[in-house]
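Okay, structure first, notes after.
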Amino acid sequence: MKSVLAGKHIVLGVCGGIAAYKSIELLRLFQKAGADVKVIMTANAENFVGPMTFEAISGHPVFLGMYGSHADGEMRHIAWAESADAVVIAPATANIIGKLACGIADDALTTFMLAVTAPKILCPSMNTHMYENRAVQRNIDTLEGDGFILVEPGQGELACGAVGAGRLPEPAFILNRVADCFYPKDLKGKKVMVTAGPTREPIDPVRFVSNPSSGKMGYAIARAAAARGAKVLLISGPTALNCPFGVSRIDVTTAGEMADVVFEHAENADIIIKVAAVSDYTPSEKFAHKIKKGQDMINVPMEKTVDILAELGRRKTRQVLVGFAAETRELETYATAKLKQKNLDMIAGNLVGDASSGFNSDNNKIKLFYRDGSIEDLPVMDKDTAAHLIFDRIRDRIIHSNTHPKGEV
Ligand SMILES: Cc1cc2nc3c(=O)[nH]c(=O)nc-3n(C[C@H](O)[C@H](O)[C@H](O)COP(=O)(O)O)c2cc1C
């Protein structure tokens, strides 16, 4: 399954910042996604990374100076601007941010930027005090007002020793923000609620019953919905994942907590996608203190938790309700039954245990089951691509179908 970046022409601007080495990884990721990448470096960037590396990896000459003789005889700052589908500057120094905010064109990158009409993504990276400097913030505001897309720097320990905002985000995060430019904004105005991750059911203060769900599929769904313009609420069990850009997250631990938060917000949602691996049973009694090792065998009585999806199906009126089913056998039988019993519009099922998909994997192999009895068997694909495909199907097979209340979702 092709990435949305496949076949796109991306121009990568690299400036003289300490994070310039990360743009090599970014270039590789764009290429892995099928994009064609050309690189423009500032003269100062050459102090940090050599153009040879970018040239060898990109397969294109690096645009360094305005006045060198280009073998192809083109006016490169115009030709590259016209062919670009998106431009990303990573890292963007305080210097380039100031120059772009003022419309200065005194080198290859700044001159090129004035000629670009495609989406422009700016990834500032610098010392925290530099980033917080009022002049820099003023310039960033100006550029956002001019239509630049800002990828905010991360927090943490910086190469200069300072701790705070200024780190260039991981290349994969930047790649996702660039990819966002190419998705249809077909969920604009919609409210999407997503649940993700495992739940934890405490046995005693130091032990719990849980499952190996990483939350990656649910987070991919939330990220995809936000990229397509939806207002997204992510209700998440414990995971190691960062909240996707543009998504509001509420953290919960137990199945009971997840049920309370879901029911509180469900009425407000247009589309609900339940990806969380919610525990079906919870210990009926939580021990107040740590159970000490003694008896050879102990019994922990368990009771059923609330069936969140079934309850949502019972309450459902105008909403689109999508569930996930992870099974170890008879996927088709269980998924079809769940679809009907819980009044779902679609269910995405997968067989766990396959190394190429499921829990904790970056990929998934899913089957989509629809209300009309049809089944779509999808190939293995990364979870972001799978998430977008699910929204394509919700749009084409549910919202725009004859069976769903028209115009209400
Ligand atoms: C070791 C070193 C690291 C630097 N790191 C950064 C940085 O991370 N961000 C930044 O804005 N400037 C940084 N600078 C300063 C820029 O290199 C300087 O402002 C330069 O004029 C930027 O030029 P350019 O924007 O044309 O690439 C650094 C300078 C040095 C010597």
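Chain identifiers are assigned as A, B, and so on, following the order in which chains appear in the structure tokens; residues are numbered from 1 within each chain, and ligands are numbered from 1 in order of appearance.
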Problem set entry | range 303-309 of chain A surroundings by only C-alpha atoms, 7 Å radius, close-in-sequence under 2 positions cut, as an MDAnalysis selection string | chainID A and resid 255:256 259 280:284 301 311:313 342
For this session: Go through the chains and note each residue within 9 Å of ligand 1, using only C-alpha atoms and all ligand atoms, then give the set as a PyMOL selection string.
Result: chain A and resi 14-20+41-48+91-99+107+109-110+124-127+130-131+158-160+166-168
For those residues, write C-alpha atoms to a file as a PDB file, in the first residue's frame.
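Contents of again22.pdb, freshly written:
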```pdb
ATOM      1  CA  VAL A  14      19.005  22.534   5.690  1.00  0.00           C
ATOM      2  CA  CYS A  15      20.435  25.392   7.795  1.00  0.00           C
ATOM      3  CA  GLY A  16      23.495  25.838   9.991  1.00  0.00           C
ATOM      4  CA  GLY A  17      22.194  24.334  13.225  1.00  0.00           C
ATOM      5  CA  ILE A  18      23.497  21.577  15.413  1.00  0.00           C
ATOM      6  CA  ALA A  19      20.577  19.307  14.413  1.00  0.00           C
ATOM      7  CA  ALA A  20      21.539  19.413  10.712  1.00  0.00           C
ATOM      8  CA  MET A  41      21.721  23.998   2.008  1.00  0.00           C
ATOM      9  CA  THR A  42      22.732  27.363   3.418  1.00  0.00           C
ATOM     10  CA  ALA A  43      26.435  28.165   3.318  1.00  0.00           C
ATOM     11  CA  ASN A  44      26.540  27.843   7.109  1.00  0.00           C
ATOM     12  CA  ALA A  45      24.933  24.389   7.008  1.00  0.00           C
ATOM     13  CA  GLU A  46      28.099  23.171   5.290  1.00  0.00           C
ATOM     14  CA  ASN A  47      29.908  23.649   8.590  1.00  0.00           C
ATOM     15  CA  PHE A  48      27.739  20.912  10.083  1.00  0.00           C
ATOM     16  CA  PRO A  91      16.520  22.468  11.056  1.00  0.00           C
ATOM     17  CA  ALA A  92      15.384  26.076  10.673  1.00  0.00           C
ATOM     18  CA  THR A  93      17.789  28.425  12.429  1.00  0.00           C
ATOM     19  CA  ALA A  94      16.850  31.662  14.185  1.00  0.00           C
ATOM     20  CA  ASN A  95      18.654  33.341  11.312  1.00  0.00           C
ATOM     21  CA  ILE A  96      16.558  31.874   8.488  1.00  0.00           C
ATOM     22  CA  ILE A  97      13.361  32.435  10.461  1.00  0.00           C
ATOM     23  CA  GLY A  98      14.268  36.141  10.733  1.00  0.00           C
ATOM     24  CA  LYS A  99      15.182  36.394   7.077  1.00  0.00           C
ATOM     25  CA  ASP A 107      21.089  33.203  -0.773  1.00  0.00           C
ATOM     26  CA  LEU A 109      17.385  28.939   0.211  1.00  0.00           C
ATOM     27  CA  THR A 110      15.801  32.323   1.010  1.00  0.00           C
ATOM     28  CA  PRO A 124      12.832  25.557  14.276  1.00  0.00           C
ATOM     29  CA  SER A 125      15.681  24.153  16.341  1.00  0.00           C
ATOM     30  CA  MET A 126      17.955  26.171  18.588  1.00  0.00           C
ATOM     31  CA  ASN A 127      19.007  26.957  22.142  1.00  0.00           C
ATOM     32  CA  MET A 130      17.221  31.819  21.439  1.00  0.00           C
ATOM     33  CA  TYR A 131      13.875  30.116  20.742  1.00  0.00           C
ATOM     34  CA  LEU A 158      19.831  20.340  24.134  1.00  0.00           C
ATOM     35  CA  ALA A 159      23.279  19.917  22.614  1.00  0.00           C
ATOM     36  CA  CYS A 160      24.306  23.272  24.152  1.00  0.00           C
ATOM     37  CA  GLY A 166      14.464  23.886  21.086  1.00  0.00           C
ATOM     38  CA  ARG A 167      15.090  20.275  20.077  1.00  0.00           C
ATOM     39  CA  LEU A 168      14.382  19.317  16.507  1.00  0.00           C
TER      40      LEU A 168
END
```
Exercise. So which residues of range 74-214 of chain A fall under strand (DSSP E or B) by DSSP, listed as an MDAnalysis selection string?
Worked result: chainID A and resid 86:92 120:124 149:150 154:157 163:167 191:196 198 201:204 207:209
For this session: For Lys185 in chain A, list every protein, DNA or RNA residue within 12 Å, evaluated using only C-alpha atoms, and leave out those in the same chain fewer than 2 positions away; present the list as a list in words.
Result: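 Here the qualifying residues turn out to be Asp180, Cys181, Phe182, Tyr183, Leu187, Lys188, Gly189, Lys190, Ala224, Ala225, Ala226, Ala227, Arg228, Gly229, Ala230, Lys231, His388, Phe391, Asp392 and Arg395 of chain A.
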Leaving out Ser83 in chain A and any residue of its chain fewer than 6 positions from it, which residues lie within 12 Å of it when counting only C-alpha atoms, given as a PDB file with C-alpha atoms, in the first residue's frame?
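Output below, filename out-v4.pdb:
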```
ATOM      1  CA  GLY A   7       5.721  10.261  -6.007  1.00  0.00           C
ATOM      2  CA  LYS A   8       5.706  13.646  -4.286  1.00  0.00           C
ATOM      3  CA  HIS A   9       8.478  16.171  -4.934  1.00  0.00           C
ATOM      4  CA  ILE A  10       9.816  17.454  -1.642  1.00  0.00           C
ATOM      5  CA  VAL A  11      12.469  20.127  -1.209  1.00  0.00           C
ATOM      6  CA  ASP A  36      11.691  12.389  -4.543  1.00  0.00           C
ATOM      7  CA  VAL A  37      13.781  14.816  -2.480  1.00  0.00           C
ATOM      8  CA  LYS A  38      16.011  17.713  -3.499  1.00  0.00           C
ATOM      9  CA  ARG A  76      17.140  26.576 -10.054  1.00  0.00           C
ATOM     10  CA  HIS A  77      15.446  28.756  -7.427  1.00  0.00           C
ATOM     11  CA  PHE A 112      13.881  29.888  -3.458  1.00  0.00           C
ATOM     12  CA  ALA A 115       9.157  31.624  -5.161  1.00  0.00           C
ATOM     13  CA  VAL A 116       7.433  28.638  -3.464  1.00  0.00           C
ATOM     14  CA  THR A 117       3.653  28.330  -3.574  1.00  0.00           C
ATOM     15  CA  ALA A 118       3.425  24.745  -2.201  1.00  0.00           C
TER      16      ALA A 118
END
```
Exercise. For Gly103 in chain A, which residue out of A:Asp270, A:Asp146, A:Asp345, A:Asp204 is the nearest one, using only C-alpha atoms?
Worked result: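 Between A:Asp270, A:Asp146, A:Asp345, A:Asp204, the residue approaching Gly103 in chain A most closely is A:Asp146.
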Exercise. Which residues, written as a ChimeraX atom specification, have at least one atom at most 12 Å from Ser58 in chain A, with only C-alpha atoms counted and residues fewer than 3 positions away on the same chain left out?
Worked result: /A:9-12,23-32,34-40,51-55,61-63
